[in-house]
file structure.txt (compact mmCIF, C-alpha atoms and all ligand atoms)
# COMPACT_ATOMS: atom_id res chain seq x y z
CA MET B 1 -8.00 11.66 33.46
CA THR B 2 -9.22 9.56 30.52
CA LEU B 3 -8.54 12.48 28.26
CA LEU B 4 -4.98 12.70 29.53
CA TYR B 5 -4.45 8.97 29.01
CA THR B 6 -5.83 9.22 25.50
CA LEU B 7 -3.53 12.14 24.77
CA ILE B 8 -0.48 10.26 26.03
CA GLY B 9 -1.69 7.19 24.12
CA CYS B 10 -1.90 9.21 20.91
CA ILE B 11 1.60 10.61 21.32
CA VAL B 12 3.09 7.18 22.08
CA PHE B 13 1.15 5.62 19.22
CA ALA B 14 2.31 8.34 16.83
CA ILE B 15 5.91 7.42 17.59
CA VAL B 16 5.74 3.66 18.08
CA ALA B 17 3.14 2.60 15.51
CA PRO B 18 5.05 3.84 12.43
CA LEU B 19 8.17 2.05 13.65
CA VAL B 20 6.35 -1.21 14.34
CA GLY B 21 4.21 -0.88 11.22
CA CYS B 22 7.28 -0.28 9.08
CA LEU B 23 8.98 -3.40 10.43
CA ILE B 24 5.81 -5.44 9.92
CA ALA B 25 5.62 -4.19 6.32
CA GLY B 26 9.27 -5.14 5.80
CA VAL B 27 8.77 -8.63 7.20
CA ASP B 28 5.63 -8.92 5.10
CA ARG B 29 7.55 -8.16 1.91
CA ILE B 30 10.35 -10.58 2.74
CA ILE B 31 7.94 -13.41 3.56
CA SER B 32 5.93 -12.68 0.41
CA ALA B 33 9.12 -12.81 -1.65
CA ARG B 34 10.17 -16.11 -0.07
CA MET B 35 6.74 -17.55 -0.82
CA GLN B 36 7.33 -16.62 -4.46
CA GLY B 37 10.82 -18.15 -4.44
CA ARG B 38 12.59 -14.77 -4.39
CA VAL B 39 15.13 -13.31 -2.00
CA GLY B 40 13.14 -10.18 -1.40
CA PRO B 41 14.08 -6.66 -0.35
CA PRO B 42 15.96 -5.65 2.81
CA LEU B 43 13.94 -5.48 6.03
CA LEU B 44 13.95 -1.69 6.05
CA GLN B 45 12.79 -1.36 2.44
CA PRO B 46 9.43 0.24 3.39
CA TYR B 47 11.38 2.87 5.32
CA TYR B 48 13.68 3.51 2.33
CA ASP B 49 10.60 3.92 0.14
CA VAL B 50 9.00 6.48 2.41
CA ARG B 51 12.26 8.37 2.85
CA LYS B 52 12.60 8.61 -0.90
CA LEU B 53 8.99 9.71 -1.35
CA LEU B 54 9.46 12.49 1.20
CA ALA B 55 12.50 13.77 -0.71
CA LYS B 56 10.64 13.91 -4.01
CA GLU B 57 9.26 17.02 -5.59
CA ASN B 58 5.78 18.02 -4.44
CA VAL B 59 3.43 18.10 -7.40
CA SER B 60 0.00 17.72 -5.84
CA VAL B 61 -2.80 18.46 -8.27
CA ASN B 62 -4.39 20.68 -5.62
CA SER B 63 -3.54 21.78 -2.12
CA VAL B 64 -6.64 20.32 -0.51
CA GLU B 65 -5.66 16.72 -1.28
CA ASN B 66 -2.73 16.90 1.08
CA THR B 67 -4.90 18.46 3.79
CA TYR B 68 -7.30 15.54 3.64
CA ILE B 69 -4.45 13.05 3.79
CA VAL B 70 -2.96 14.78 6.83
CA CYS B 71 -6.41 14.64 8.48
CA ALA B 72 -6.67 10.94 7.66
CA LEU B 73 -3.25 10.32 9.16
CA VAL B 74 -4.04 12.32 12.31
CA PHE B 75 -7.35 10.55 12.88
CA THR B 76 -5.71 7.17 12.34
CA ILE B 77 -3.23 8.07 15.07
CA VAL B 78 -6.04 9.28 17.35
CA ALA B 79 -7.91 6.00 16.81
CA GLY B 80 -4.76 4.07 17.65
CA GLY B 81 -4.17 6.26 20.70
CA ILE B 82 -7.69 5.63 21.97
CA PHE B 83 -7.35 1.89 21.51
CA PHE B 84 -3.90 1.36 22.98
CA SER B 85 -4.46 3.67 25.92
CA GLY B 86 -7.30 1.38 26.94
CA GLY B 87 -10.06 3.71 25.77
CA ASN B 88 -13.45 3.16 24.22
CA LEU B 89 -13.51 0.62 21.39
CA LEU B 90 -16.62 2.08 19.80
CA MET B 91 -14.96 5.50 19.67
CA CYS B 92 -11.88 3.94 18.12
CA VAL B 93 -14.03 2.30 15.42
CA PHE B 94 -15.76 5.58 14.60
CA VAL B 95 -12.57 7.59 14.47
CA ILE B 96 -10.81 5.13 12.18
CA THR B 97 -13.87 5.18 9.90
CA LEU B 98 -13.59 8.96 9.80
CA ALA B 99 -9.97 8.53 8.73
CA SER B 100 -11.04 6.29 5.83
CA MET B 101 -13.61 8.90 4.83
CA PHE B 102 -10.91 11.55 4.61
CA PHE B 103 -8.80 9.20 2.54
CA ILE B 104 -11.69 8.63 0.11
CA ILE B 105 -12.43 12.37 -0.15
CA ALA B 106 -8.75 13.01 -0.88
CA ALA B 107 -8.92 10.62 -3.82
CA TYR B 108 -12.12 12.23 -5.11
CA SER B 109 -10.69 15.73 -4.78
CA ALA B 110 -8.17 15.07 -7.55
CA ARG B 111 -10.96 14.71 -10.14
CA SER B 112 -9.00 12.06 -11.99
CA PRO B 113 -11.04 9.23 -13.51
CA TYR B 114 -8.62 6.59 -12.24
CA ALA B 115 -8.45 7.96 -8.72
CA GLU B 116 -12.23 8.09 -8.81
CA VAL B 117 -12.45 4.40 -9.69
CA GLY B 118 -10.15 3.75 -6.76
CA ALA B 119 -12.22 5.96 -4.45
CA ASN B 120 -15.42 4.18 -5.50
CA ARG B 121 -13.84 0.89 -4.71
CA GLU B 122 -12.52 2.12 -1.40
CA THR B 123 -16.09 3.17 -0.54
CA LEU B 124 -17.27 -0.33 -1.42
CA GLN B 125 -14.60 -1.75 0.83
CA VAL B 126 -15.74 0.41 3.72
CA MET B 127 -19.32 -0.70 3.06
CA SER B 128 -18.20 -4.31 3.08
CA TYR B 129 -16.27 -4.39 6.32
CA GLU B 130 -18.16 -1.86 8.40
CA PRO B 131 -21.07 -4.16 9.48
CA MET B 132 -18.64 -6.78 10.75
CA VAL B 133 -16.59 -4.16 12.58
CA LEU B 134 -19.72 -2.87 14.33
CA PHE B 135 -20.72 -6.42 15.24
CA MET B 136 -17.23 -6.80 16.67
CA ALA B 137 -17.77 -3.78 18.91
CA VAL B 138 -21.17 -5.08 20.06
CA GLY B 139 -19.72 -8.53 20.66
CA PHE B 140 -16.92 -6.96 22.64
CA TYR B 141 -19.43 -5.18 24.85
CA LEU B 142 -21.45 -8.33 25.45
CA GLY B 143 -18.30 -10.29 26.21
CA ALA B 144 -16.56 -7.74 28.45
CA GLN B 145 -19.62 -5.82 29.75
CA THR B 146 -17.90 -2.56 28.78
CA PHE B 147 -16.69 -0.78 25.67
CA ASP B 148 -13.41 0.11 27.38
CA ILE B 149 -10.34 -1.84 26.34
CA ASN B 150 -9.13 -1.41 29.94
CA GLY B 151 -11.99 -3.64 31.02
CA LEU B 152 -10.27 -6.62 29.41
CA PHE B 153 -7.71 -6.73 32.19
CA THR B 154 -10.36 -7.43 34.81
CA LEU B 155 -11.76 -10.48 33.02
CA ASP B 156 -11.28 -14.08 34.15
CA VAL B 157 -11.57 -15.51 30.66
CA PRO B 158 -10.69 -13.78 27.39
CA ILE B 159 -13.64 -12.63 25.31
CA ILE B 160 -12.69 -15.11 22.58
CA ALA B 161 -14.42 -17.78 24.74
CA ASN B 162 -17.82 -16.23 23.94
CA THR B 163 -17.09 -14.49 20.67
CA TRP B 164 -15.06 -16.91 18.55
CA LEU B 165 -17.60 -16.71 15.75
CA ILE B 166 -17.20 -12.94 15.68
CA PHE B 167 -13.44 -13.43 15.70
CA ILE B 168 -13.70 -15.58 12.56
CA GLY B 169 -15.86 -12.89 10.96
CA LEU B 170 -13.26 -10.28 11.88
CA LEU B 171 -10.53 -12.40 10.29
CA PHE B 172 -12.57 -12.39 7.08
CA VAL B 173 -12.87 -8.61 6.88
CA LEU B 174 -9.29 -8.19 8.08
CA THR B 175 -8.19 -9.15 4.57
CA ILE B 176 -10.09 -6.11 3.29
CA LYS B 177 -8.79 -3.81 6.03
CA LEU B 178 -5.16 -4.85 5.57
CA ARG B 179 -5.52 -4.36 1.79
CA LYS B 180 -4.60 -7.91 0.92
CA SER B 181 -5.63 -9.96 -2.09
CA PRO B 182 -8.30 -11.14 -2.93
CA PHE B 183 -9.92 -7.99 -1.50
CA ASP B 184 -7.33 -5.31 -2.30
CA LEU B 185 -9.74 -3.69 -4.72
CA SER B 186 -8.90 -0.06 -4.16
CA MET B 187 -5.16 -0.13 -3.74
CA SER B 188 -2.96 -3.13 -4.32
CA HIS B 189 0.66 -3.65 -3.43
CA HIS B 190 1.06 -5.53 -6.68
CA ALA B 191 1.14 -3.39 -9.83
CA HIS B 192 0.06 -6.22 -12.10
CA GLN B 193 -3.51 -6.26 -10.85
CA GLU B 194 -4.10 -2.55 -10.53
CA ILE B 195 -5.99 0.09 -12.53
CA VAL B 196 -3.16 2.61 -12.74
CA ARG B 197 -2.77 2.83 -8.96
CA GLY B 198 -6.24 2.82 -7.49
CA VAL B 199 -7.01 5.45 -4.84
CA THR B 200 -3.43 6.67 -4.75
CA THR B 201 -3.21 7.34 -8.50
CA GLU B 202 -2.95 11.10 -8.07
CA MET B 203 -0.98 11.03 -4.84
CA SER B 204 2.74 11.33 -5.28
CA GLY B 205 5.89 12.21 -3.39
CA PRO B 206 5.36 13.42 0.19
CA THR B 207 1.58 12.87 0.02
CA LEU B 208 2.08 9.23 -0.89
CA ALA B 209 4.61 8.91 1.92
CA ARG B 210 1.91 10.03 4.38
CA VAL B 211 -0.47 7.45 2.92
CA GLU B 212 2.16 4.76 3.51
CA ILE B 213 2.69 5.86 7.11
CA MET B 214 -1.07 5.90 7.64
CA HIS B 215 -1.23 2.37 6.27
CA TRP B 216 1.43 1.22 8.75
CA CYS B 217 -0.46 2.76 11.67
CA GLU B 218 -3.74 1.22 10.48
CA ASN B 219 -2.15 -2.20 10.31
CA VAL B 220 -0.86 -1.93 13.87
CA LEU B 221 -4.32 -0.89 15.08
CA PHE B 222 -6.12 -3.69 13.25
CA LEU B 223 -3.69 -6.27 14.55
CA GLY B 224 -4.41 -4.82 17.99
CA TRP B 225 -8.07 -5.59 17.39
CA VAL B 226 -7.12 -9.18 16.66
CA GLY B 227 -5.03 -9.38 19.82
CA MET B 228 -7.68 -7.96 22.15
CA PHE B 229 -9.75 -11.13 21.84
CA PHE B 230 -7.06 -13.04 23.70
CA VAL B 231 -6.33 -10.70 26.59
CA TRP B 232 -7.64 -11.23 30.12
CA GLY B 233 -6.60 -10.54 33.73
CA ASN B 234 -3.35 -12.45 33.45
CA PRO B 235 -0.56 -10.14 32.12
CA LEU B 236 1.02 -13.11 30.32
CA SER B 237 -2.03 -13.18 28.07
CA ILE B 238 -0.46 -10.30 26.14
CA LEU B 239 2.21 -12.74 24.95
CA LEU B 240 -0.55 -15.09 23.81
CA ALA B 241 -2.19 -12.20 21.98
CA LEU B 242 1.10 -11.36 20.23
CA ALA B 243 1.52 -14.99 19.18
CA VAL B 244 -2.01 -15.05 17.76
CA ILE B 245 -1.32 -11.79 15.92
CA ALA B 246 1.80 -13.32 14.35
CA VAL B 247 -0.12 -16.40 13.21
CA VAL B 248 -3.00 -14.33 11.84
CA TYR B 249 -0.67 -12.01 9.95
CA PHE B 250 1.20 -14.95 8.45
CA LEU B 251 -2.14 -16.36 7.33
CA GLU B 252 -2.99 -13.02 5.71
CA ILE B 253 0.29 -13.00 3.79
CA TRP B 254 -0.37 -16.55 2.66
CA ILE B 255 -3.85 -15.64 1.44
CA ASP B 256 -2.45 -12.53 -0.25
CA ASN B 257 0.01 -14.61 -2.23
CA ASN B 258 -2.39 -17.35 -3.20
CA PHE B 259 -5.45 -15.52 -4.43
CA ALA B 260 -6.08 -13.19 -7.33
CA ARG B 261 -8.29 -10.18 -6.86
CA MET B 262 -12.06 -10.82 -6.70
CA LYS B 263 -14.81 -8.65 -8.15
CA TRP B 264 -16.42 -6.13 -5.84
CA GLN B 265 -19.78 -7.91 -6.02
CA PHE B 266 -18.25 -10.98 -4.45
CA MET B 267 -16.52 -8.94 -1.79
CA LEU B 268 -19.65 -7.07 -0.79
CA LYS B 269 -21.89 -10.14 -0.75
CA SER B 270 -19.49 -12.44 1.04
CA ALA B 271 -18.49 -9.84 3.64
CA TRP B 272 -22.13 -9.07 4.46
CA ILE B 273 -23.08 -12.75 4.59
CA VAL B 274 -20.15 -13.48 6.87
CA ALA B 275 -21.04 -10.48 9.04
CA LEU B 276 -24.69 -11.49 9.32
CA VAL B 277 -23.99 -15.15 9.98
CA ALA B 278 -20.94 -14.86 12.21
CA GLY B 279 -21.87 -11.60 13.92
CA GLY B 280 -25.63 -12.11 14.04
CA VAL B 281 -25.58 -15.68 15.35
CA ASN B 282 -22.91 -14.95 17.92
CA ILE B 283 -24.67 -11.86 19.23
CA ALA B 284 -28.00 -13.69 19.33
CA PHE B 285 -26.37 -16.36 21.48
CA LEU B 286 -24.82 -13.79 23.80
CA VAL B 287 -28.07 -11.89 24.20
CA PHE B 288 -30.58 -14.71 24.47
CA LEU B 289 -28.64 -17.49 26.19
CA MET U 290 22.52 12.25 1.38
CA ALA U 291 20.45 11.11 -1.55
CA PHE U 292 17.55 8.90 -0.70
CA ALA U 293 16.43 7.78 -4.12
CA SER U 294 19.03 5.07 -4.60
CA LYS U 295 17.51 2.48 -2.32
CA SER U 296 14.04 2.44 -3.72
CA PRO U 297 13.96 2.86 -7.49
CA TRP U 298 10.39 2.31 -8.64
CA VAL U 299 10.12 1.66 -12.34
CA ILE U 300 7.45 2.17 -14.94
CA HIS U 301 7.60 0.28 -18.18
CA TYR U 302 6.27 1.55 -21.50
CA ASP U 303 6.21 -0.49 -24.68
CA GLY U 304 6.89 1.82 -27.65
CA SER U 305 6.95 -0.12 -30.89
CA SER U 306 8.86 -3.04 -29.49
CA CYS U 307 8.53 -6.53 -30.99
CA ASN U 308 7.76 -7.63 -27.39
CA GLY U 309 11.13 -9.33 -27.07
CA CYS U 310 12.44 -6.59 -24.79
CA ASP U 311 9.16 -6.33 -22.88
CA ILE U 312 9.41 -9.96 -21.89
CA GLU U 313 12.95 -9.37 -20.70
CA VAL U 314 11.91 -6.34 -18.66
CA LEU U 315 9.30 -8.41 -16.88
CA ALA U 316 11.74 -11.31 -16.53
CA THR U 317 14.03 -8.94 -14.63
CA LEU U 318 11.40 -8.76 -11.91
CA CYS U 319 10.88 -12.53 -11.83
CA PRO U 320 12.26 -14.79 -9.07
CA GLY U 321 15.41 -15.69 -11.01
CA PHE U 322 16.71 -12.12 -11.07
CA ASP U 323 14.49 -10.58 -8.40
CA GLY U 324 14.80 -6.86 -8.93
CA GLU U 325 13.11 -6.28 -5.58
CA ARG U 326 16.44 -7.14 -3.90
CA PHE U 327 17.43 -3.58 -4.85
CA GLY U 328 14.03 -2.20 -3.97
CA VAL U 329 12.85 -2.17 -7.57
CA ILE U 330 9.08 -2.17 -7.78
CA ASN U 331 7.10 -2.17 -10.98
CA THR U 332 4.44 0.51 -10.75
CA GLY U 333 1.80 1.23 -13.34
CA ASN U 334 1.65 4.89 -12.36
CA PRO U 335 4.05 7.50 -13.77
CA LYS U 336 3.48 9.70 -10.71
CA HIS U 337 5.00 7.03 -8.47
CA ALA U 338 7.88 6.00 -10.70
CA ASP U 339 11.52 7.08 -10.54
CA ILE U 340 12.88 5.18 -13.52
CA PHE U 341 11.20 5.10 -16.91
CA LEU U 342 11.99 1.95 -18.89
CA VAL U 343 11.12 2.34 -22.56
CA THR U 344 11.29 -0.57 -24.96
CA GLY U 345 10.99 -0.26 -28.70
CA SER U 346 11.46 2.68 -31.01
CA ILE U 347 9.64 5.98 -31.11
CA ASN U 348 7.15 6.47 -33.90
CA GLU U 349 4.75 9.18 -35.03
CA GLN U 350 1.97 7.80 -32.86
CA ASN U 351 3.68 7.07 -29.57
CA ILE U 352 5.94 10.10 -29.32
CA GLU U 353 3.24 12.12 -27.56
CA VAL U 354 2.47 9.25 -25.20
CA VAL U 355 6.11 8.88 -24.20
CA ARG U 356 6.41 12.62 -23.64
CA GLN U 357 3.30 12.65 -21.52
CA ILE U 358 4.43 9.79 -19.30
CA TYR U 359 7.77 11.53 -18.87
CA ASP U 360 6.09 14.81 -17.98
CA GLN U 361 3.88 13.13 -15.40
CA MET U 362 6.82 11.62 -13.58
CA VAL U 363 7.94 13.48 -10.48
CA GLU U 364 11.50 14.83 -10.21
CA PRO U 365 14.08 13.33 -9.75
CA LYS U 366 13.54 10.90 -12.63
CA VAL U 367 15.68 8.83 -14.98
CA VAL U 368 15.02 7.35 -18.40
CA VAL U 369 16.50 4.03 -19.49
CA ALA U 370 16.29 3.00 -23.15
CA CYS U 371 15.94 -0.79 -23.11
CA GLY U 372 17.06 -2.67 -26.21
CA ILE U 373 18.68 -1.47 -29.39
CA CYS U 374 15.33 -0.38 -30.81
CA ALA U 375 14.86 2.04 -27.93
CA CYS U 376 18.48 3.22 -28.24
CA THR U 377 18.57 3.95 -31.97
CA GLY U 378 15.53 2.53 -33.69
CA GLY U 379 17.39 -0.75 -34.27
CA ILE U 380 16.06 -3.12 -36.87
CA PHE U 381 13.05 -0.89 -37.39
CA HIS U 382 15.06 2.30 -37.93
CA ASP U 383 14.07 2.76 -41.58
CA CYS U 384 10.41 1.88 -41.24
CA TYR U 385 8.19 4.56 -42.75
CA ASN U 386 6.72 5.77 -39.44
CA VAL U 387 9.68 5.21 -37.11
CA LEU U 388 11.45 8.33 -35.89
CA GLY U 389 14.33 6.58 -34.08
CA GLY U 390 15.38 5.95 -30.50
CA VAL U 391 13.74 7.25 -27.35
CA ASP U 392 16.09 10.24 -27.30
CA LYS U 393 14.06 11.66 -30.19
CA ALA U 394 11.25 12.28 -27.71
CA ILE U 395 12.74 12.74 -24.22
CA PRO U 396 16.22 12.99 -22.67
CA VAL U 397 17.66 9.50 -22.10
CA ASP U 398 20.07 8.89 -19.21
CA VAL U 399 21.12 5.28 -19.72
CA TYR U 400 21.26 3.21 -22.89
CA ALA U 401 20.96 -0.58 -22.55
CA PRO U 402 21.55 -2.10 -25.98
CA GLY U 403 20.89 -5.71 -26.95
CA CYS U 404 18.36 -7.53 -29.06
CA ALA U 405 16.67 -8.49 -26.94
CA VAL U 406 18.26 -6.75 -23.97
CA ARG U 407 19.30 -9.35 -21.37
CA PRO U 408 17.98 -9.07 -17.81
CA GLU U 409 21.59 -8.84 -16.58
CA ALA U 410 22.17 -5.86 -18.87
CA LEU U 411 18.92 -4.35 -17.68
CA ILE U 412 19.86 -4.72 -14.02
CA ASP U 413 23.21 -3.07 -14.82
CA ALA U 414 21.38 -0.27 -16.61
CA ILE U 415 18.99 0.24 -13.70
CA VAL U 416 21.91 0.34 -11.26
CA LYS U 417 23.60 2.95 -13.50
CA GLY U 418 20.28 4.77 -13.58
CA ILE U 419 20.22 4.74 -9.79
CA ALA U 420 23.57 6.57 -9.75
CA VAL U 421 22.13 9.20 -12.08
CA LEU U 422 19.04 9.37 -9.88
CA ASP U 423 21.27 10.08 -6.89
CA GLU U 424 23.01 12.91 -8.73
CA LYS U 425 19.70 14.39 -9.76
CA SER U 426 18.19 14.20 -6.31
CA ALA U 427 21.30 15.83 -4.84
CA ALA U 428 20.89 18.64 -7.38
CA LEU U 429 17.19 18.93 -6.51
CA GLU U 430 18.03 19.05 -2.82
CA LYS U 431 20.50 21.87 -3.47
CA LYS U 432 17.96 23.76 -5.54
CA LYS U 433 15.37 23.40 -2.76
CA LYS U 434 17.82 24.77 -0.19
CA GLU U 435 18.82 27.69 -2.36
CA GLY U 436 15.18 28.35 -3.05
CA VAL U 437 14.54 28.69 0.68
CA ALA U 438 17.67 30.76 1.37
S1 LIG B 501 15.75 -4.69 -29.50
FE1 LIG B 501 15.22 -6.62 -30.53
S2 LIG B 501 13.98 -7.70 -29.04
FE2 LIG B 501 14.04 -5.59 -28.40
S3 LIG B 501 12.26 -4.64 -29.27
FE3 LIG B 501 13.90 -4.33 -30.71
S4 LIG B 501 13.79 -6.05 -32.13
FE4 LIG B 501 12.56 -6.59 -30.34
call {"tool": "encode", "arguments": {"input": "structure.txt", "output": "structure tokens"}}
result
Amino acid sequence: MTLLYTLIGCIVFAIVAPLVGCLIAGVDRIISARMQGRVGPPLLQPYYDVRKLLAKENVSVNSVENTYIVCALVFTIVAGGIFFSGGNLLMCVFVITLASMFFIIAAYSARSPYAEVGANRETLQVMSYEPMVLFMAVGFYLGAQTFDINGLFTLDVPIIANTWLIFIGLLFVLTIKLRKSPFDLSMSHHAHQEIVRGVTTEMSGPTLARVEIMHWCENVLFLGWVGMFFVWGNPLSILLALAVIAVVYFLEIWIDNNFARMKWQFMLKSAWIVALVAGGVNIAFLVFL
Amino acid sequence: MAFASKSPWVIHYDGSSCNGCDIEVLATLCPGFDGERFGVINTGNPKHADIFLVTGSINEQNIEVVRQIYDQMVEPKVVVACGICACTGGIFHDCYNVLGGVDKAIPVDVYAPGCAVRPEALIDAIVKGIAVLDEKSAALEKKKKEGVA
């Protein structure tokens, strides 16, 4: 039964997440532009970009790069399917990490020095956020007494009541996961602070389009992680979760527009310190008190 | 239906410009003119770019660089020569190492003269370039279909 739900979840996620993610990306670009005193692109600009990329000539440096990217995209969708069908959070975390691994390998496979710099940095990013993400999963279990997202709907109070410190830690690494400044080390949306084009240097045309779509799906999933802290037995709590997601995303855009990129040393240190303090203290409280 | 017209990503290369035109190219993307209204994004990567903006003339040293950037760009692609130097060599045309305009190295689709080229002229040139881009992508589309058939 669970398998069937997950399968349906994956199919629905594969259709809905790109649509939602695309709109979020469009809103993101408009708000960013307004923050910079510009008019900004049309709402559907991200869609126009991807459509164009798909129509471009395919000049991959090797055929394996595209295979890795397709794998990354598929596993991102599976992770999203697991999460939104109410499945196991820990599984979702592992599958999305697998997707990032494929993405990194794809960048390495091109053997280009610039893509390699990007891939190195992407690896550092994964190293930086992974501890906090695991703490999040543990905190979730201690709060909800299960790893299943379904379990949230039987709770009397949302897990944020016991895990707000973990939530703050998650917000910190969310900047890395959403690829926002100051932690957009491997792949920035802003050309002016990029080494050629980071991880995606050698990816062009249709391959790059798949990376974009993957990025949309990822964003939807990560915002889902933010929302799950605010869901409990009451169905109306989903509205609360959506409101929190909107506020958090606005905050991320604001941070993105106000900070320049940091060095990787700072990212790694600060993310680990935040993970240890926020995650460690919160989990210690949940376990021992 | 050509899809390129709504998202022209540009790459900018400074040949032997005096920097006057470079500043104008960047000014085009600033809030006052906001090229992103038309989907224009400045990329630093030739593989992602659709429109190649070259400022300054071509000389013995940069001709290979310009050719390489052009070769790395993915079809369909358009070249815009920005400023009179890029169009013909301009004020530098008789310098000892200057070969002339960008068309000495690669095929140019749109010429945007001016010294320095104004952002308004540049936006016009990019919009013209978009039309050329559309034609080229339609041609590419046709070639793809014929290739399959
Ligand atoms: S056209 Fe004028 S402003 Fe532009 S690069 Fe040449 S000399 Fe400089």
call {"tool": "residues_around", "arguments": {"input": "structure.txt", "residues": "segment 203-208 of chain B", "least_positions_apart": "6", "cutoff": "10 Å", "atoms": "all atoms listed in the file", "output": "PyMOL selection string"}}
result
(chain B and resi 50-61+65-70+106-107+110+115+197+214) or (chain U and resi 334-338+362-364)
call {"tool": "closest_residue", "arguments": {"input": "structure.txt", "among": "B:Phe229, B:Phe13, B:Phe153, B:Tyr114", "to": "chain U", "atoms": "all atoms listed in the file"}}
result
B:Tyr114
call {"tool": "interface_residues", "arguments": {"input": "structure.txt", "of": "chain U", "to": "chain B", "cutoff": "7 Å", "atoms": "only C-alpha atoms", "output": "list in words"}}
result
Phe292, Ala293, Lys295, Ser296, Pro320, Asp323, Glu325, Arg326, Phe327, Gly328, Asn331, Thr332, Gly333, Asn334, Lys336, His337, Val363, Glu364 and Pro365 of chain U
call {"tool": "closest_residue", "arguments": {"input": "structure.txt", "among": "U:Asn308, U:Thr317, U:Gln357, U:Thr377", "to": "ligand LIG 501 (chain B)", "atoms": "all atoms listed in the file"}}
result
U:Asn308
call {"tool": "atom_distance", "arguments": {"input": "structure.txt", "atom1": "atom CA of Val244 of chain B", "atom2": "atom CA of Leu223 of chain B"}}
result
9.5 Å
call {"tool": "residues_near_ligand", "arguments": {"input": "structure.txt", "ligand": "ligand LIG 501 (chain B)", "cutoff": "9 Å", "atoms": "all atoms listed in the file", "output": "PyMOL selection string"}}
result
chain U and resi 303-313+344-346+371-376+378-381+402-406
call {"tool": "atom_distance", "arguments": {"input": "structure.txt", "atom1": "atom CA of Ile255 of chain B", "atom2": "atom CA of Gly26 of chain B"}}
result
17.4 Å
call {"tool": "residues_near_point", "arguments": {"input": "structure.txt", "point": "(-5.5, -6.6, -5.2)", "cutoff": "12 Å", "atoms": "all atoms listed in the file", "output": "number ranges by chain"}}
result
B: 118, 121-122, 125, 175-176, 178-195, 197-198, 255-264, 267
call {"tool": "residues_around", "arguments": {"input": "structure.txt", "residues": "Gly224 of chain B", "least_positions_apart": "2", "cutoff": "9 Å", "atoms": "all atoms listed in the file", "output": "list in words"}}
result
Gly80, Phe83, Phe84, Asn219, Val220, Leu221, Phe222, Val226, Gly227, Met228, Ala241, Leu242 and Ile245 of chain B
call {"tool": "closest_residue", "arguments": {"input": "structure.txt", "among": "B:Leu239, B:Val173, B:Ile104, B:Ile283", "to": "Ala137 of chain B", "atoms": "all atoms listed in the file"}}
result
B:Ile283
call {"tool": "closest_residue", "arguments": {"input": "structure.txt", "among": "B:Leu142, B:Ser32, B:Ile77, B:Leu43", "to": "Gly9 of chain B", "atoms": "only C-alpha atoms"}}
result
B:Ile77
call {"tool": "residues_around", "arguments": {"input": "structure.txt", "residues": "segment 91-94 of chain B", "least_positions_apart": "5", "cutoff": "12 Å", "atoms": "all atoms listed in the file", "output": "ChimeraX atom specification"}}
result
/B:6,10,75-86,99-101,126,129-138,147-149,218,221-222,224-225
call {"tool": "closest_residue", "arguments": {"input": "structure.txt", "among": "B:Cys217, B:Ile159, B:Ala144, B:Leu174", "to": "Leu19 of chain B", "atoms": "all atoms listed in the file"}}
result
B:Cys217
call {"tool": "atom_distance", "arguments": {"input": "structure.txt", "atom1": "atom CA of Val274 of chain B", "atom2": "atom CA of Gly139 of chain B"}}
result
14.7 Å
